[in-house]
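J.: If it helps, the file is called entry21.cif and holds mmCIF, N, CA and C atoms:
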data_upload
loop_
_atom_site.label_atom_id
_atom_site.label_comp_id
_atom_site.auth_asym_id
_atom_site.auth_seq_id
_atom_site.Cartn_x
_atom_site.Cartn_y
_atom_site.Cartn_z
N MET Z 1137 12.91 47.48 18.19
CA MET Z 1137 14.01 47.00 17.41
C MET Z 1137 14.19 45.50 17.57
N LYS Z 1138 14.01 44.96 18.79
CA LYS Z 1138 14.12 43.53 19.03
C LYS Z 1138 13.05 42.76 18.28
N LEU Z 1139 11.89 43.35 18.13
CA LEU Z 1139 10.79 42.71 17.42
C LEU Z 1139 11.18 42.40 15.98
N PHE Z 1140 11.88 43.32 15.32
CA PHE Z 1140 12.28 43.10 13.93
C PHE Z 1140 13.30 41.97 13.81
N ARG Z 1141 14.11 41.77 14.83
CA ARG Z 1141 15.07 40.67 14.82
C ARG Z 1141 14.38 39.33 15.00
N LEU Z 1142 13.30 39.31 15.74
CA LEU Z 1142 12.58 38.07 15.99
C LEU Z 1142 11.64 37.70 14.85
N LEU Z 1143 11.24 38.65 14.04
CA LEU Z 1143 10.29 38.40 12.96
C LEU Z 1143 10.76 37.33 11.98
N PRO Z 1144 12.01 37.37 11.48
CA PRO Z 1144 12.45 36.31 10.57
C PRO Z 1144 12.43 34.93 11.23
N LEU Z 1145 12.80 34.85 12.49
CA LEU Z 1145 12.79 33.57 13.21
C LEU Z 1145 11.35 33.06 13.34
N PHE Z 1146 10.43 33.96 13.66
CA PHE Z 1146 9.03 33.59 13.77
C PHE Z 1146 8.51 33.05 12.44
N LEU Z 1147 8.84 33.71 11.34
CA LEU Z 1147 8.40 33.27 10.02
C LEU Z 1147 8.95 31.90 9.65
N ILE Z 1148 10.19 31.63 10.03
CA ILE Z 1148 10.77 30.31 9.76
C ILE Z 1148 9.98 29.23 10.49
N PHE Z 1149 9.69 29.45 11.77
CA PHE Z 1149 8.92 28.47 12.53
C PHE Z 1149 7.51 28.32 11.97
N LEU Z 1150 6.91 29.40 11.57
CA LEU Z 1150 5.57 29.37 11.01
C LEU Z 1150 5.53 28.56 9.72
N LEU Z 1151 6.48 28.81 8.83
CA LEU Z 1151 6.51 28.11 7.55
C LEU Z 1151 6.97 26.68 7.69
N ALA Z 1152 7.78 26.36 8.65
CA ALA Z 1152 8.27 24.99 8.84
C ALA Z 1152 7.13 24.06 9.21
N GLY Z 1153 6.11 24.58 9.87
CA GLY Z 1153 4.98 23.76 10.28
C GLY Z 1153 3.96 23.56 9.18
N CYS Z 1154 4.14 24.20 8.06
CA CYS Z 1154 3.18 24.11 6.97
C CYS Z 1154 3.64 23.07 5.95
N SER Z 1155 2.72 22.25 5.51
CA SER Z 1155 3.02 21.36 4.39
C SER Z 1155 1.98 21.61 3.32
N ALA Z 1156 2.33 21.30 2.11
CA ALA Z 1156 1.46 21.59 0.98
C ALA Z 1156 0.13 20.85 1.08
N THR Z 1157 -0.89 21.45 0.51
CA THR Z 1157 -2.20 20.82 0.43
C THR Z 1157 -2.10 19.58 -0.46
N VAL Z 1158 -2.72 18.50 -0.01
CA VAL Z 1158 -2.74 17.27 -0.79
C VAL Z 1158 -3.88 17.37 -1.80
N VAL Z 1159 -3.55 17.28 -3.07
CA VAL Z 1159 -4.55 17.36 -4.13
C VAL Z 1159 -5.21 16.00 -4.30
N MET Z 1160 -6.52 15.97 -4.09
CA MET Z 1160 -7.30 14.73 -4.21
C MET Z 1160 -8.57 15.01 -4.99
N GLU Z 1161 -9.04 14.00 -5.68
CA GLU Z 1161 -10.29 14.12 -6.43
C GLU Z 1161 -11.44 13.68 -5.53
N GLN Z 1162 -12.50 14.48 -5.51
CA GLN Z 1162 -13.65 14.10 -4.69
C GLN Z 1162 -14.52 13.09 -5.42
N ALA Z 1163 -15.25 12.30 -4.67
CA ALA Z 1163 -16.16 11.30 -5.23
C ALA Z 1163 -17.44 11.99 -5.71
N ASP Z 1164 -18.19 11.29 -6.55
CA ASP Z 1164 -19.42 11.85 -7.12
C ASP Z 1164 -20.43 12.27 -6.06
N ASP Z 1165 -20.49 11.53 -4.95
CA ASP Z 1165 -21.48 11.82 -3.91
C ASP Z 1165 -20.81 12.41 -2.66
N ALA Z 1166 -19.78 13.20 -2.87
CA ALA Z 1166 -19.01 13.77 -1.76
C ALA Z 1166 -19.85 14.69 -0.87
N ASN Z 1167 -20.92 15.25 -1.41
CA ASN Z 1167 -21.75 16.15 -0.61
C ASN Z 1167 -22.85 15.41 0.17
N ASN Z 1168 -22.81 14.10 0.17
CA ASN Z 1168 -23.77 13.29 0.93
C ASN Z 1168 -23.62 13.63 2.42
N PRO Z 1169 -24.73 13.90 3.12
CA PRO Z 1169 -24.65 14.22 4.56
C PRO Z 1169 -23.94 13.14 5.38
N ALA Z 1170 -24.00 11.88 4.94
CA ALA Z 1170 -23.31 10.81 5.67
C ALA Z 1170 -21.79 11.02 5.61
N CYS Z 1171 -21.29 11.57 4.52
CA CYS Z 1171 -19.86 11.87 4.43
C CYS Z 1171 -19.47 12.96 5.41
N ALA Z 1172 -20.35 13.91 5.61
CA ALA Z 1172 -20.08 14.96 6.61
C ALA Z 1172 -19.96 14.33 7.99
N GLU Z 1173 -20.80 13.33 8.28
CA GLU Z 1173 -20.72 12.62 9.57
C GLU Z 1173 -19.38 11.91 9.71
N VAL Z 1174 -18.89 11.35 8.61
CA VAL Z 1174 -17.58 10.68 8.63
C VAL Z 1174 -16.47 11.71 8.87
N MET Z 1175 -16.50 12.78 8.09
CA MET Z 1175 -15.41 13.74 8.11
C MET Z 1175 -15.23 14.42 9.48
N VAL Z 1176 -16.32 14.66 10.19
CA VAL Z 1176 -16.18 15.31 11.49
C VAL Z 1176 -15.64 14.35 12.55
N ARG Z 1177 -15.58 13.05 12.21
CA ARG Z 1177 -15.12 12.05 13.17
C ARG Z 1177 -13.74 11.46 12.85
N ILE Z 1178 -13.16 11.84 11.72
CA ILE Z 1178 -11.86 11.26 11.39
C ILE Z 1178 -10.79 11.78 12.35
N PRO Z 1179 -9.85 10.93 12.70
CA PRO Z 1179 -8.83 11.32 13.68
C PRO Z 1179 -7.76 12.24 13.09
N GLU Z 1180 -7.14 13.00 13.95
CA GLU Z 1180 -6.02 13.86 13.55
C GLU Z 1180 -4.78 13.03 13.25
N GLN Z 1181 -4.73 11.82 13.81
CA GLN Z 1181 -3.62 10.91 13.53
C GLN Z 1181 -4.15 9.50 13.33
N THR Z 1182 -3.47 8.74 12.48
CA THR Z 1182 -3.71 7.31 12.35
C THR Z 1182 -2.37 6.65 12.08
N ALA Z 1183 -2.13 5.54 12.75
CA ALA Z 1183 -0.87 4.81 12.60
C ALA Z 1183 0.33 5.76 12.72
N GLU Z 1184 0.24 6.68 13.66
CA GLU Z 1184 1.29 7.68 13.93
C GLU Z 1184 1.53 8.66 12.78
N GLN Z 1185 0.60 8.73 11.85
CA GLN Z 1185 0.68 9.67 10.73
C GLN Z 1185 -0.25 10.85 11.03
N VAL Z 1186 0.21 12.06 10.76
CA VAL Z 1186 -0.55 13.27 11.07
C VAL Z 1186 -1.41 13.65 9.86
N LYS Z 1187 -2.65 14.07 10.15
CA LYS Z 1187 -3.60 14.47 9.12
C LYS Z 1187 -3.12 15.74 8.41
N ARG Z 1188 -3.37 15.78 7.10
CA ARG Z 1188 -2.98 16.92 6.27
C ARG Z 1188 -4.23 17.58 5.68
N VAL Z 1189 -4.05 18.76 5.15
CA VAL Z 1189 -5.13 19.48 4.47
C VAL Z 1189 -5.24 18.92 3.05
N THR Z 1190 -6.48 18.68 2.60
CA THR Z 1190 -6.71 18.19 1.24
C THR Z 1190 -7.50 19.22 0.44
N SER Z 1191 -7.52 19.03 -0.88
CA SER Z 1191 -8.12 20.01 -1.78
C SER Z 1191 -9.59 19.78 -2.07
N SER Z 1192 -10.13 18.65 -1.66
CA SER Z 1192 -11.50 18.32 -2.07
C SER Z 1192 -12.37 17.91 -0.89
N GLN Z 1193 -13.66 18.12 -1.08
CA GLN Z 1193 -14.66 17.78 -0.07
C GLN Z 1193 -14.67 16.28 0.17
N SER Z 1194 -14.86 15.89 1.42
CA SER Z 1194 -15.00 14.49 1.84
C SER Z 1194 -13.77 13.65 1.52
N THR Z 1195 -12.60 14.28 1.64
CA THR Z 1195 -11.34 13.57 1.49
C THR Z 1195 -10.45 13.89 2.69
N ALA Z 1196 -9.49 12.99 2.93
CA ALA Z 1196 -8.52 13.21 4.00
C ALA Z 1196 -7.24 12.48 3.64
N ALA Z 1197 -6.13 12.95 4.18
CA ALA Z 1197 -4.84 12.31 3.95
C ALA Z 1197 -3.98 12.46 5.20
N TRP Z 1198 -3.12 11.47 5.41
CA TRP Z 1198 -2.23 11.46 6.55
C TRP Z 1198 -0.81 11.13 6.08
N GLY Z 1199 0.17 11.74 6.74
CA GLY Z 1199 1.58 11.47 6.47
C GLY Z 1199 2.19 12.45 5.49
N ASP Z 1200 3.52 12.58 5.58
CA ASP Z 1200 4.26 13.46 4.68
C ASP Z 1200 5.57 12.79 4.32
N PRO Z 1201 5.61 12.12 3.17
CA PRO Z 1201 4.60 12.05 2.11
C PRO Z 1201 3.39 11.24 2.55
N VAL Z 1202 2.32 11.35 1.79
CA VAL Z 1202 1.05 10.71 2.13
C VAL Z 1202 1.22 9.19 2.19
N THR Z 1203 0.79 8.61 3.30
CA THR Z 1203 0.82 7.16 3.47
C THR Z 1203 -0.58 6.57 3.58
N VAL Z 1204 -1.57 7.43 3.91
CA VAL Z 1204 -2.96 7.01 4.06
C VAL Z 1204 -3.85 8.08 3.45
N SER Z 1205 -4.85 7.65 2.67
CA SER Z 1205 -5.84 8.61 2.18
C SER Z 1205 -7.24 8.01 2.31
N LEU Z 1206 -8.23 8.89 2.37
CA LEU Z 1206 -9.62 8.48 2.51
C LEU Z 1206 -10.47 9.34 1.58
N THR Z 1207 -11.41 8.70 0.90
CA THR Z 1207 -12.39 9.41 0.08
C THR Z 1207 -13.76 8.83 0.37
N CYS Z 1208 -14.69 9.68 0.77
CA CYS Z 1208 -16.07 9.27 1.04
C CYS Z 1208 -16.95 9.78 -0.09
N GLY Z 1209 -18.02 9.01 -0.39
CA GLY Z 1209 -18.99 9.45 -1.39
C GLY Z 1209 -19.00 8.61 -2.64
N LEU Z 1210 -18.49 7.39 -2.57
CA LEU Z 1210 -18.51 6.50 -3.71
C LEU Z 1210 -19.82 5.73 -3.76
N LYS Z 1211 -20.10 5.18 -4.93
CA LYS Z 1211 -21.29 4.35 -5.10
C LYS Z 1211 -21.16 3.12 -4.19
N PRO Z 1212 -22.22 2.76 -3.47
CA PRO Z 1212 -22.15 1.60 -2.56
C PRO Z 1212 -21.80 0.31 -3.30
N VAL Z 1213 -21.00 -0.52 -2.65
CA VAL Z 1213 -20.62 -1.82 -3.19
C VAL Z 1213 -21.47 -2.87 -2.48
N GLU Z 1214 -22.23 -3.62 -3.24
CA GLU Z 1214 -23.12 -4.64 -2.67
C GLU Z 1214 -22.67 -6.05 -3.01
N VAL Z 1215 -21.90 -6.21 -4.09
CA VAL Z 1215 -21.43 -7.53 -4.53
C VAL Z 1215 -20.00 -7.37 -5.02
N SER Z 1216 -19.12 -8.32 -4.63
CA SER Z 1216 -17.74 -8.24 -5.07
C SER Z 1216 -17.07 -9.60 -4.93
N GLU Z 1217 -16.07 -9.82 -5.76
CA GLU Z 1217 -15.24 -11.03 -5.68
C GLU Z 1217 -14.03 -10.80 -4.77
N LEU Z 1218 -13.80 -9.55 -4.34
CA LEU Z 1218 -12.66 -9.24 -3.48
C LEU Z 1218 -12.86 -9.84 -2.09
N THR Z 1219 -11.76 -10.11 -1.41
CA THR Z 1219 -11.80 -10.59 -0.03
C THR Z 1219 -12.44 -9.52 0.84
N CYS Z 1220 -13.28 -9.96 1.77
CA CYS Z 1220 -13.95 -9.03 2.68
C CYS Z 1220 -13.48 -9.31 4.10
N ILE Z 1221 -13.07 -8.25 4.79
CA ILE Z 1221 -12.63 -8.35 6.18
C ILE Z 1221 -13.43 -7.36 7.02
N THR Z 1222 -13.39 -7.53 8.33
CA THR Z 1222 -14.06 -6.60 9.23
C THR Z 1222 -13.02 -5.95 10.13
N ALA Z 1223 -13.03 -4.63 10.20
CA ALA Z 1223 -12.13 -3.87 11.07
C ALA Z 1223 -12.80 -2.56 11.45
N GLY Z 1224 -12.70 -2.19 12.69
CA GLY Z 1224 -13.30 -0.94 13.15
C GLY Z 1224 -14.82 -0.94 12.99
N ASP Z 1225 -15.44 -2.12 13.17
CA ASP Z 1225 -16.89 -2.29 13.05
C ASP Z 1225 -17.41 -1.99 11.64
N VAL Z 1226 -16.53 -2.08 10.65
CA VAL Z 1226 -16.91 -1.87 9.25
C VAL Z 1226 -16.38 -3.04 8.44
N ASP Z 1227 -17.17 -3.49 7.45
CA ASP Z 1227 -16.70 -4.50 6.51
C ASP Z 1227 -15.97 -3.80 5.38
N TRP Z 1228 -14.80 -4.34 4.99
CA TRP Z 1228 -13.95 -3.73 3.98
C TRP Z 1228 -13.60 -4.75 2.91
N LEU Z 1229 -13.67 -4.34 1.66
CA LEU Z 1229 -13.16 -5.15 0.56
C LEU Z 1229 -11.68 -4.80 0.39
N VAL Z 1230 -10.86 -5.81 0.18
CA VAL Z 1230 -9.42 -5.61 0.08
C VAL Z 1230 -8.99 -5.72 -1.38
N ASP Z 1231 -8.52 -4.61 -1.95
CA ASP Z 1231 -8.01 -4.59 -3.32
C ASP Z 1231 -6.49 -4.60 -3.24
N GLU Z 1232 -5.89 -5.73 -3.61
CA GLU Z 1232 -4.44 -5.91 -3.55
C GLU Z 1232 -3.76 -5.68 -4.90
N SER Z 1233 -4.50 -5.21 -5.88
CA SER Z 1233 -3.99 -5.13 -7.26
C SER Z 1233 -2.78 -4.22 -7.43
N SER Z 1234 -2.54 -3.30 -6.50
CA SER Z 1234 -1.39 -2.40 -6.59
C SER Z 1234 -0.44 -2.55 -5.41
N LYS Z 1235 -0.45 -3.74 -4.76
CA LYS Z 1235 0.36 -3.89 -3.56
C LYS Z 1235 1.82 -3.62 -3.84
N PRO Z 1236 2.47 -2.98 -2.89
CA PRO Z 1236 2.17 -2.86 -1.46
C PRO Z 1236 1.23 -1.71 -1.10
N ILE Z 1237 0.65 -1.03 -2.11
CA ILE Z 1237 -0.40 -0.04 -1.85
C ILE Z 1237 -1.73 -0.79 -1.90
N TYR Z 1238 -2.44 -0.78 -0.78
CA TYR Z 1238 -3.71 -1.48 -0.68
C TYR Z 1238 -4.86 -0.49 -0.68
N ARG Z 1239 -5.94 -0.87 -1.35
CA ARG Z 1239 -7.19 -0.09 -1.31
C ARG Z 1239 -8.20 -0.91 -0.52
N PHE Z 1240 -8.83 -0.25 0.45
CA PHE Z 1240 -9.88 -0.87 1.25
C PHE Z 1240 -11.17 -0.10 0.99
N ILE Z 1241 -12.19 -0.80 0.49
CA ILE Z 1241 -13.45 -0.15 0.12
C ILE Z 1241 -14.52 -0.63 1.10
N SER Z 1242 -15.21 0.29 1.72
CA SER Z 1242 -16.26 -0.12 2.66
C SER Z 1242 -17.32 -0.90 1.91
N PHE Z 1243 -17.70 -2.04 2.46
CA PHE Z 1243 -18.67 -2.93 1.83
C PHE Z 1243 -20.02 -2.79 2.52
N GLY Z 1244 -21.09 -2.70 1.69
CA GLY Z 1244 -22.43 -2.63 2.25
C GLY Z 1244 -22.67 -1.35 3.03
N ARG Z 1245 -22.03 -0.26 2.61
CA ARG Z 1245 -22.21 1.04 3.26
C ARG Z 1245 -22.64 2.06 2.22
N ASN Z 1246 -23.56 2.93 2.60
CA ASN Z 1246 -24.06 3.95 1.68
C ASN Z 1246 -23.90 5.33 2.32
N PRO Z 1247 -23.03 6.14 1.72
CA PRO Z 1247 -22.16 5.92 0.57
C PRO Z 1247 -20.93 5.10 0.96
N ALA Z 1248 -20.21 4.62 -0.04
CA ALA Z 1248 -18.99 3.86 0.22
C ALA Z 1248 -17.83 4.82 0.45
N THR Z 1249 -16.83 4.30 1.16
CA THR Z 1249 -15.60 5.04 1.45
C THR Z 1249 -14.43 4.17 1.03
N VAL Z 1250 -13.42 4.77 0.42
CA VAL Z 1250 -12.20 4.04 0.07
C VAL Z 1250 -11.05 4.61 0.88
N VAL Z 1251 -10.25 3.71 1.43
CA VAL Z 1251 -9.06 4.06 2.19
C VAL Z 1251 -7.88 3.41 1.48
N THR Z 1252 -6.87 4.21 1.16
CA THR Z 1252 -5.67 3.71 0.51
C THR Z 1252 -4.52 3.78 1.51
N VAL Z 1253 -3.76 2.67 1.59
CA VAL Z 1253 -2.71 2.55 2.59
C VAL Z 1253 -1.42 2.08 1.93
N ASP Z 1254 -0.32 2.78 2.21
CA ASP Z 1254 1.01 2.33 1.79
C ASP Z 1254 1.50 1.38 2.88
N SER Z 1255 1.41 0.07 2.62
CA SER Z 1255 1.73 -0.91 3.66
C SER Z 1255 3.22 -1.02 3.95
N THR Z 1256 4.07 -0.35 3.16
CA THR Z 1256 5.49 -0.33 3.49
C THR Z 1256 5.77 0.66 4.62
N LYS Z 1257 4.82 1.54 4.90
CA LYS Z 1257 5.00 2.59 5.91
C LYS Z 1257 4.11 2.41 7.14
N VAL Z 1258 2.88 1.90 6.94
CA VAL Z 1258 1.93 1.79 8.04
C VAL Z 1258 1.15 0.47 7.94
N SER Z 1259 0.55 0.10 9.05
CA SER Z 1259 -0.27 -1.11 9.11
C SER Z 1259 -1.70 -0.82 8.67
N GLY Z 1260 -2.15 -1.54 7.66
CA GLY Z 1260 -3.54 -1.38 7.20
C GLY Z 1260 -4.53 -1.68 8.30
N ALA Z 1261 -4.24 -2.69 9.13
CA ALA Z 1261 -5.15 -3.07 10.22
C ALA Z 1261 -5.34 -1.91 11.20
N THR Z 1262 -4.24 -1.26 11.55
CA THR Z 1262 -4.32 -0.12 12.47
C THR Z 1262 -5.13 1.01 11.87
N VAL Z 1263 -4.87 1.32 10.60
CA VAL Z 1263 -5.58 2.40 9.92
C VAL Z 1263 -7.07 2.10 9.86
N LEU Z 1264 -7.44 0.87 9.49
CA LEU Z 1264 -8.87 0.54 9.38
C LEU Z 1264 -9.57 0.57 10.73
N GLU Z 1265 -8.88 0.18 11.78
CA GLU Z 1265 -9.48 0.28 13.12
C GLU Z 1265 -9.75 1.75 13.46
N ASP Z 1266 -8.77 2.61 13.17
CA ASP Z 1266 -8.92 4.04 13.47
C ASP Z 1266 -10.02 4.68 12.62
N LEU Z 1267 -9.96 4.47 11.32
CA LEU Z 1267 -10.89 5.15 10.41
C LEU Z 1267 -12.28 4.51 10.41
N GLY Z 1268 -12.34 3.24 10.76
CA GLY Z 1268 -13.64 2.58 10.87
C GLY Z 1268 -14.53 3.23 11.91
N LEU Z 1269 -13.92 3.83 12.93
CA LEU Z 1269 -14.70 4.52 13.95
C LEU Z 1269 -15.48 5.70 13.38
N ALA Z 1270 -15.01 6.25 12.27
CA ALA Z 1270 -15.73 7.33 11.59
C ALA Z 1270 -16.65 6.77 10.50
N VAL Z 1271 -16.16 5.81 9.74
CA VAL Z 1271 -16.93 5.26 8.61
C VAL Z 1271 -18.16 4.51 9.08
N GLN Z 1272 -18.16 4.01 10.30
CA GLN Z 1272 -19.32 3.27 10.81
C GLN Z 1272 -20.58 4.14 10.87
N PHE Z 1273 -20.45 5.44 10.69
CA PHE Z 1273 -21.62 6.32 10.72
C PHE Z 1273 -22.33 6.41 9.37
N THR Z 1274 -21.82 5.70 8.35
CA THR Z 1274 -22.56 5.61 7.08
C THR Z 1274 -23.58 4.47 7.24
N LYS Z 1275 -24.62 4.52 6.43
CA LYS Z 1275 -25.70 3.55 6.56
C LYS Z 1275 -25.24 2.16 6.12
N LYS Z 1276 -25.44 1.19 6.99
CA LYS Z 1276 -25.08 -0.20 6.70
C LYS Z 1276 -26.24 -0.87 5.98
N THR Z 1277 -25.95 -1.44 4.79
CA THR Z 1277 -26.99 -2.10 4.00
C THR Z 1277 -26.76 -3.59 3.86
N LYS Z 1278 -25.50 -4.04 4.03
CA LYS Z 1278 -25.14 -5.46 3.94
C LYS Z 1278 -23.92 -5.70 4.80
N GLN Z 1279 -23.56 -6.99 4.95
CA GLN Z 1279 -22.34 -7.32 5.67
C GLN Z 1279 -21.63 -8.46 4.97
N CYS Z 1280 -20.35 -8.63 5.33
CA CYS Z 1280 -19.56 -9.73 4.76
C CYS Z 1280 -20.19 -11.06 5.13
N LEU Z 1281 -20.08 -12.02 4.26
CA LEU Z 1281 -20.50 -13.38 4.58
C LEU Z 1281 -19.32 -14.11 5.20
N GLY Z 1282 -19.61 -14.94 6.19
CA GLY Z 1282 -18.54 -15.76 6.78
C GLY Z 1282 -17.73 -15.03 7.67
#
Take the structure in this file and express it as structure tokens.

T.:
Amino acid sequence: MKLFRLLPLFLIFLLAGCSATVVMEQADDANNPACAEVMVRIPEQTAEQVKRVTSSQSTAAWGDPVTVSLTCGLKPVEVSELTCITAGDVDWLVDESSKPIYRFISFGRNPATVVTVDSTKVSGATVLEDLGLAVQFTKKTKQCLG
């Protein structure tokens, strides 16, 4: 009889820990083995944001609501007019066109990875240091100049 009284409480705790799956579109080359190497190395947390379940292969998201997302399997970027920075042993192109939401695209990596960061909630530098530890396992073909 006591078990039946505890069942509703157990269900509340079980459901409270669940958050909805984050719907993301996978990249064209999401099944690239290098993306698998990235995905097994991504952290459970970045910038104090907890990793969430996503709907597509080679994608990840952190925060509720989402403050950081990652997609692996993009066409490699070899030339760009965007600013290039280095963080987490990876060169990143900085797309500020939608700021305060920043897109960071791995430069000279095959396949490329894009990381999107809501800079009103988390530090892009912290996120790139954390996620660069996983993205560095993609093949390096070029590096930033200067």

J.: Could you give me, as a ChimeraX atom specification, the residues within 7 Å of segment 1248-1265 of chain Z, counting all atoms listed in the file and dropping anything in the same chain fewer than 6 positions from it?

T.: /Z:1182-1183,1202-1213,1223-1225,1236-1242

J.: Apply the PyMOL selection byres ((chain Z and resi 1192) around 7) to the displayed file and report the matching residues as a PyMOL selection string.

T.: chain Z and resi 1158-1162+1189-1191+1193-1196

J.: Using only C-alpha atoms, which residue out of Z:Arg1245, Z:Arg1177, Z:Lys1187, Z:Lys1278 lies closest to Thr1157 of chain Z?

T.: Z:Lys1187

J.: Using only C-alpha atoms, which of the listed residues (Z:Glu1180, Z:Gln1272, Z:Glu1232, Z:Ala1163) sits closest to Cys1220 of chain Z?

T.: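 For Cys1220 of chain Z, the nearest of the given residues is Z:Glu1232.
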
J.: Taking the DSSP secondary structure from the backbone, can you list the residues of chain Z that are alpha helix (DSSP H), as a PyMOL selection string?

T.: chain Z and resi 1138-1152+1169-1175+1260-1271

J.: Using DSSP assignments from the backbone, pull out every residue in segment 1153-1259 of chain Z that falls under strand (DSSP E) and give it to me as a PyMOL selection string.

T.: chain Z and resi 1181-1182+1185-1188+1195-1198+1204-1210+1219-1223+1226-1234+1237-1242+1245-1246+1248-1254

J.: Name all residues at most 5 Å from Lys1275 of chain Z (count all atoms listed in the file; drop same-chain ones fewer than 2 positions away) and give them as a list in words.

T.: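 Neighbouring residues, sequence-local ones excluded: Arg1245, Asn1246, Phe1273 and Thr1277 of chain Z.
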
J.: Could you work out how far atom CA of Asp1165 of chain Z lies from atom N of Thr1219 of chain Z, giving the answer in Å with one decimal?

T.: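 Atom CA of Asp1165 of chain Z lies 24.1 Å from atom N of Thr1219 of chain Z.
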
J.: Mind listing whatever residues come within 6 Å of the point (-15.9, 4.9, 7.8)? Use only C-alpha atoms, file coordinates, and give them as a ChimeraX atom specification.

T.: /Z:1267-1268,1270-1272

J.: When you draw a straight line from atom CA of Leu1269 of chain Z to atom CA of Val1226 of chain Z, how long is it in Å?

T.: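 Rounded to one decimal, the two atoms are 8.2 Å apart.
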
J.: In Å, how far is it from atom CA of Glu1214 of chain Z to atom CA of Trp1198 of chain Z?

T.: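 About the pair atom CA of Glu1214 of chain Z and atom CA of Trp1198 of chain Z: they are 27.9 Å apart.
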
J.: Between Z:Ser1155, Z:Gln1181, Z:Gly1244, Z:Thr1274, which has the minimum distance to Asp1227 of chain Z (counting all atoms listed in the file)?

T.: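 Closest residue, counting all atoms listed in the file: Z:Gly1244.
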
J.: Which is closest to Asp1231 of chain Z among Z:Gln1185, Z:Cys1171, Z:Leu1218, Z:Lys1276, if we use all atoms listed in the file?

T.: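 Closest to Asp1231 of chain Z, using all atoms listed in the file: Z:Leu1218.
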